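Asker: Take this structure first; my questions come after.
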Amino acid sequence: MEIMRIVSEAQELDQAAVDHSATVMDSNPPFFATYKSLFSSRGSMNDEAELLAVECDLPLVDLSRLNSKLEAKQYKQDIITAATEWGFFQIVNHGVSNSLLARLRRQQVKMFRQPFKKKVLDFSDDSYRWGTPTATSLKQLSWSEAYHIPVSSANKLARSSTNRCVIEEFSAAMAQLANQLVDTLAEGLGRDGTYINENCTRNSCYLRLNHYPPCPLPGEVFGLVPHTDSDFLTILCQDTVCGLQLNKAGRWVTVKPNPNALIVNIGDLFQAWSNGLYKSVEHRVMSNPHLERFSVAYFVCPSKETLIQSSALPAIYRKFSFGEYRLQVQQDVRLTGHKVGLTRFLA
């Protein structure tokens, strides 16, 4: 009887594992089926040196120091230095509660774990996106899926009241934090952040909930292809799974996850507005053969009509609107397979 019980339990466990595997497979996008032609001509995307990128700790800034008159000046200088030398930094004691971040992550995991065909039903419009529709080679394919959510529309787009509430609360916290960071960075240029904050409102900023499923070809496909961000500023909340890499002095380095920190990076618009002082750094996400990865990004974007003009003379970049910039990026991606960015707008 004991032997029969053990065998029965083993069979149940095996079946549970099969059911779980089937559920996971059912929830992930059909990458292989959709991009079959790309996988037929496989080849390594990187040399060994790039795949074995060195781990690094980003500059760490404690925002609580802003409340100290003695330490506020140094805190601001730390941010300005990081934006100038790295284009990336991490922040702690940022004012966004751990409970809010935990609630958002729970909802995010639940959204991505449901069957693939149901994901488009979470939000109306075309919020759910996956893969890279314009990819013509594996180097251009991102093994990931995401919900792209305009902050102004989150309340209308989200079909679940729980999703609406947590996204609204998170967006409000991110907006407040972004304004604080923008003010500090603008101060480092001898300006104030009013212009950016007035033009980057809930009507133009957006959230991106990211999921990187395990990828059976980690040496051939990126989780997210190399790129820079087409905004002023990005604030990222990631989990503890490694994957994010940035290009530091021509070499790819892996960002060591810090569960207590948010990551901030400079976007193209801030690089142009600062006349090249602050750096919009190329970054990417490496795929993982065994572990899934989650992150949430808040993008500080202006309206399409907003003009971007360098803060100093002689100007490195000509004056352009955000709408013009986005259109050029989209055209370049369609024609060349990758983003060209600010070099299109040199003075």
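So you can find residues: chains in the structure tokens are A, B, ... in the order shown, residues in each start at 1, and ligands are numbered from 1 in order.
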Between range 221-290 of chain A and range 319-325 of chain A, at 10 Å or less, what are the per-residue closest atom pairs and their distances in Å? Count only C-alpha atoms, order by chain and rising residue number, and return it as CSV.
Answerer:
```
residue,atom,partner,partner_atom,distance
A:Ser230,CA,A:Tyr325,CA,8.2
A:Asp231,CA,A:Phe322,CA,8.7
A:Asp268,CA,A:Tyr325,CA,9.8
A:Leu269,CA,A:Phe322,CA,8.2
A:Ala272,CA,A:Lys319,CA,9.0
A:Trp273,CA,A:Lys319,CA,9.4
```
Asker: With only C-alpha atoms as the counted atoms, please give the residues lying no more than 6 Å from range 189-200 of chain A, apart from itself and same-chain residues fewer than 2 positions off, as a list of chain:residue names.
Answerer: A:Val182, A:Asp183, A:Ala186, A:Glu187, A:Cys301, A:Pro302
Asker: Suppose we keep all heavy atoms; can you now write the selection as a short mmCIF file (atom, residue, chain, number, x, y, z; two decimals), in the first residue's frame?
Answerer:
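Heads up, here's the output in part_16.cif:
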```cif
data_model
loop_
_atom_site.label_atom_id
_atom_site.label_comp_id
_atom_site.auth_asym_id
_atom_site.auth_seq_id
_atom_site.Cartn_x
_atom_site.Cartn_y
_atom_site.Cartn_z
N VAL A 182 13.99 65.83 -12.08
CA VAL A 182 14.13 66.80 -13.17
C VAL A 182 14.60 68.15 -12.63
O VAL A 182 15.48 68.79 -13.21
CB VAL A 182 12.79 66.95 -13.93
CG1 VAL A 182 12.80 68.21 -14.80
CG2 VAL A 182 12.53 65.73 -14.80
N ASP A 183 14.03 68.58 -11.51
CA ASP A 183 14.43 69.85 -10.90
C ASP A 183 15.93 69.84 -10.56
O ASP A 183 16.64 70.82 -10.80
CB ASP A 183 13.61 70.13 -9.64
CG ASP A 183 12.18 70.55 -9.95
OD1 ASP A 183 11.93 70.97 -11.10
OD2 ASP A 183 11.32 70.43 -9.06
N ALA A 186 18.02 69.84 -13.84
CA ALA A 186 17.95 71.15 -14.49
C ALA A 186 18.81 72.17 -13.74
O ALA A 186 19.49 73.00 -14.34
CB ALA A 186 16.50 71.62 -14.56
N GLU A 187 18.78 72.08 -12.41
CA GLU A 187 19.59 72.98 -11.58
C GLU A 187 21.08 72.82 -11.91
O GLU A 187 21.85 73.78 -11.88
CB GLU A 187 19.33 72.68 -10.11
CG GLU A 187 20.02 73.64 -9.14
CD GLU A 187 19.69 73.32 -7.69
OE1 GLU A 187 18.55 72.89 -7.42
OE2 GLU A 187 20.58 73.51 -6.83
N CYS A 301 7.91 61.75 -20.77
CA CYS A 301 7.81 62.20 -22.16
C CYS A 301 6.98 63.48 -22.26
O CYS A 301 6.02 63.66 -21.51
CB CYS A 301 7.15 61.14 -23.03
SG CYS A 301 8.12 59.65 -23.25
N PRO A 302 7.32 64.36 -23.20
CA PRO A 302 6.53 65.57 -23.41
C PRO A 302 5.46 65.34 -24.48
O PRO A 302 5.38 64.26 -25.08
CB PRO A 302 7.59 66.56 -23.91
CG PRO A 302 8.53 65.71 -24.71
CD PRO A 302 8.57 64.36 -24.00
#
```
Asker: Kindly provide the residues of range 160-207 of chain A that approach range 58-69 of chain A to within 12 Å, each paired with its closest atom pair and their distance in Å to one decimal, based on only C-alpha atoms, listed by chain and increasing number, as a Markdown table.
Answerer:
```
| residue | atom | partner | partner_atom | distance |
| --- | --- | --- | --- | --- |
| A:Leu177 | CA | A:Leu63 | CA | 10.0 |
| A:Gln180 | CA | A:Leu63 | CA | 9.8 |
| A:Leu181 | CA | A:Leu63 | CA | 9.6 |
| A:Thr184 | CA | A:Leu66 | CA | 10.3 |
```
Asker: Considering only strand (DSSP E) as DSSP defines it on the backbone, what residues of range 193-285 of chain A qualify? List them as a ChimeraX atom specification.
Answerer: /A:206-212,222-227,233-238,244-248,251-255,262-266,283-285
Asker: Wanna dump the range 87-122 of chain A-range 288-300 of chain A contacts at 10 Å for me, each residue with its shortest atom pair and the distance in Å to one decimal, counting only C-alpha atoms, ordered by chain and number, as JSON lines?
Answerer:
```
{"residue": "A:Leu101", "atom": "CA", "partner": "A:Val296", "partner_atom": "CA", "distance": 9.7}
{"residue": "A:Leu104", "atom": "CA", "partner": "A:Val296", "partner_atom": "CA", "distance": 9.0}
{"residue": "A:Arg105", "atom": "CA", "partner": "A:Phe294", "partner_atom": "CA", "distance": 8.1}
{"residue": "A:Gln108", "atom": "CA", "partner": "A:Phe294", "partner_atom": "CA", "distance": 8.1}
{"residue": "A:Val109", "atom": "CA", "partner": "A:Phe294", "partner_atom": "CA", "distance": 7.8}
{"residue": "A:Phe112", "atom": "CA", "partner": "A:Phe294", "partner_atom": "CA", "distance": 9.5}
```
Asker: May I ask which of the residues A:Trp143, A:Ala82, A:Asp126, A:His94 is the closest one to Phe32 in chain A, counting only C-alpha atoms?
Answerer: A:Trp143
Asker: What's the 9 Å shell around range 275-283 of chain A, counting only C-alpha atoms, without same-chain residues fewer than 3 positions away, as a VMD selection string?
Answerer: chain A and resid 80 to 88 185 189 224 to 230 244 to 248 252 265 to 272 309 to 317
Asker: Could you turn the residues from that selection into a file that holds C-alpha atoms, as a PDB file, in the first residue's frame?
Answerer:
```
ATOM      1  CA  ILE A  80      24.577  65.474 -11.695  1.00  0.00           C
ATOM      2  CA  THR A  81      27.891  63.590 -11.725  1.00  0.00           C
ATOM      3  CA  ALA A  82      26.159  60.249 -12.336  1.00  0.00           C
ATOM      4  CA  ALA A  83      24.067  61.710 -15.166  1.00  0.00           C
ATOM      5  CA  THR A  84      27.219  63.152 -16.735  1.00  0.00           C
ATOM      6  CA  GLU A  85      29.564  60.188 -16.345  1.00  0.00           C
ATOM      7  CA  TRP A  86      27.193  57.216 -16.447  1.00  0.00           C
ATOM      8  CA  GLY A  87      23.800  58.323 -17.723  1.00  0.00           C
ATOM      9  CA  PHE A  88      22.475  55.827 -15.161  1.00  0.00           C
ATOM     10  CA  LEU A 185      19.150  67.833 -13.066  1.00  0.00           C
ATOM     11  CA  LEU A 189      22.554  73.161 -15.920  1.00  0.00           C
ATOM     12  CA  LEU A 224      15.377  43.731 -25.377  1.00  0.00           C
ATOM     13  CA  VAL A 225      17.577  44.933 -28.236  1.00  0.00           C
ATOM     14  CA  PRO A 226      20.235  47.642 -27.644  1.00  0.00           C
ATOM     15  CA  HIS A 227      18.693  51.127 -27.640  1.00  0.00           C
ATOM     16  CA  THR A 228      18.542  54.503 -25.968  1.00  0.00           C
ATOM     17  CA  ASP A 229      15.319  55.926 -24.522  1.00  0.00           C
ATOM     18  CA  SER A 230      13.483  58.597 -26.542  1.00  0.00           C
ATOM     19  CA  LEU A 244      20.023  44.788 -17.755  1.00  0.00           C
ATOM     20  CA  GLN A 245      23.285  45.857 -19.368  1.00  0.00           C
ATOM     21  CA  LEU A 246      24.591  49.280 -20.364  1.00  0.00           C
ATOM     22  CA  ASN A 247      27.372  50.423 -22.640  1.00  0.00           C
ATOM     23  CA  LYS A 248      30.064  52.051 -20.521  1.00  0.00           C
ATOM     24  CA  TRP A 252      28.930  46.252 -22.022  1.00  0.00           C
ATOM     25  CA  ASN A 265      18.517  56.784 -16.710  1.00  0.00           C
ATOM     26  CA  ILE A 266      18.865  59.838 -18.904  1.00  0.00           C
ATOM     27  CA  GLY A 267      16.917  59.868 -22.176  1.00  0.00           C
ATOM     28  CA  ASP A 268      17.744  61.373 -25.562  1.00  0.00           C
ATOM     29  CA  LEU A 269      15.746  64.550 -24.922  1.00  0.00           C
ATOM     30  CA  PHE A 270      17.670  65.383 -21.749  1.00  0.00           C
ATOM     31  CA  GLN A 271      20.958  64.797 -23.563  1.00  0.00           C
ATOM     32  CA  ALA A 272      19.879  67.267 -26.258  1.00  0.00           C
ATOM     33  CA  GLN A 309      16.471  73.120 -27.639  1.00  0.00           C
ATOM     34  CA  SER A 310      20.022  72.889 -26.293  1.00  0.00           C
ATOM     35  CA  SER A 311      20.660  74.834 -23.102  1.00  0.00           C
ATOM     36  CA  ALA A 312      24.049  76.228 -24.131  1.00  0.00           C
ATOM     37  CA  LEU A 313      25.863  77.721 -27.108  1.00  0.00           C
ATOM     38  CA  PRO A 314      27.238  76.662 -29.459  1.00  0.00           C
ATOM     39  CA  ALA A 315      24.431  74.112 -29.653  1.00  0.00           C
ATOM     40  CA  ILE A 316      25.364  70.531 -30.536  1.00  0.00           C
ATOM     41  CA  TYR A 317      21.839  69.740 -31.695  1.00  0.00           C
TER      42      TYR A 317
END
```
Asker: Between A:Leu217, A:Cys237, A:Val96, A:Ile91, single out the one closest to Ala175 in chain A, counting only C-alpha atoms.
Answerer: A:Val96
Asker: Show which residues sit within 9 Å of Asn260 in chain A, as a list in words. Count only C-alpha atoms, and ignore same-chain residues fewer than 6 positions away.
Answerer: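 Contacts, with the query itself left out: Ile91, Val92, Asn93 and Asn98 of chain A.
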Asker: CA of Tyr147 in chain A and CA of Arg334 in chain A, how far apart in Å?
Answerer: 21.7 Å
